[in-house]
Structures are given as C-alpha cells and as structure tokens.
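Chemist: There's a structure below that I have some questions on.
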Amino acid sequence: MPTSNKPLFFGLAFIAVTLAGFAAYLWIALHWSYSEGERAGFMQKLSHKGWLCKTWEGELSLVALPGAAPEKFYFSVRDESIAQQINAAVGQRTALTYEQHKGLPTSCFGETEYFVTAVKVVK
C-alpha cells in the first residue's frame, strides 16, 4: 500500500468502527431493558407528537387513595397496535406493562424512557 493512502485508510477505518460501535450501543439500548413493570391508573391521553420523528406519547393518572393528588406516569409507545389499544382505553382504568430503556441518544425513539409493551383495561 502506498504511503499516501495510509491516512485515508485509517481515517475511513476509524469512521467505520465508530459507526459500528454507535449502532451496537443503539441496538443494546433498544433491546435490553433496565427495568420492567406494570402501572395501573386512569388513561389520560395519548398523542402522536414530533416534527420529524413522530412518536406516541401518553399519560396515565395514578391514584393511590381517593382525594389524594394523582401522580402522572408519562410513557412512550413504539408499536402502532398497542397505541390503538391505548387510544380505545382513554378515560378508563387501565394497566400498562412497560420496559424502561435508559440512555437512548435522541427523542426519535420516544420522549420518555418508559416504553409500553402491553395494555389491558381493568374492570
């Protein structure tokens, strides 16, 4: 390999390794959950938000005791079919199963770190 092409080769190799590392980090952040759980409350709202990256963002009102100030659980939804189920449950008592994904680099994946994976209406 001629001497003049070595810097170009190493520069391109560095860029390729950096991009591969970022892609691996992103895959791990999206597929490996920090925590999992379930929250129950009254579904307040669900909206499709964003300028470039449209994401489903919602709000669940958690009421512990009658007369107590409700706590709000903010969440994101990546699956369109789950978003439709949640939209149908707005105003009803609902249980949401979620995964928490920390360290996502941008809000294009969701504005929160809590991603809903299942929903059921509680009677």
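Letters A, B, ... go to the chains of the structure tokens in the order shown; residues in each chain start at 1; ligands are counted from 1 in the same order.
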Tell me which protein, DNA and RNA residues are within 7 Å of range 33-50 of chain A, counting only C-alpha atoms, leaving out same-chain ones fewer than 3 positions away, and put them as a PyMOL selection string.
Modeler: chain A and resi 53-63+87+89-102
Chemist: Please run DSSP on the backbone and report, as a ChimeraX atom specification, all residues within chain A that come out as helix (DSSP H, G or I).
Modeler: /A:3-31,80-88,107-109
Chemist: Could you please determine the separation between CA of Ala83 in chain A and CA of Val119 in chain A in Å, to one decimal place?
Modeler: 9.2 Å
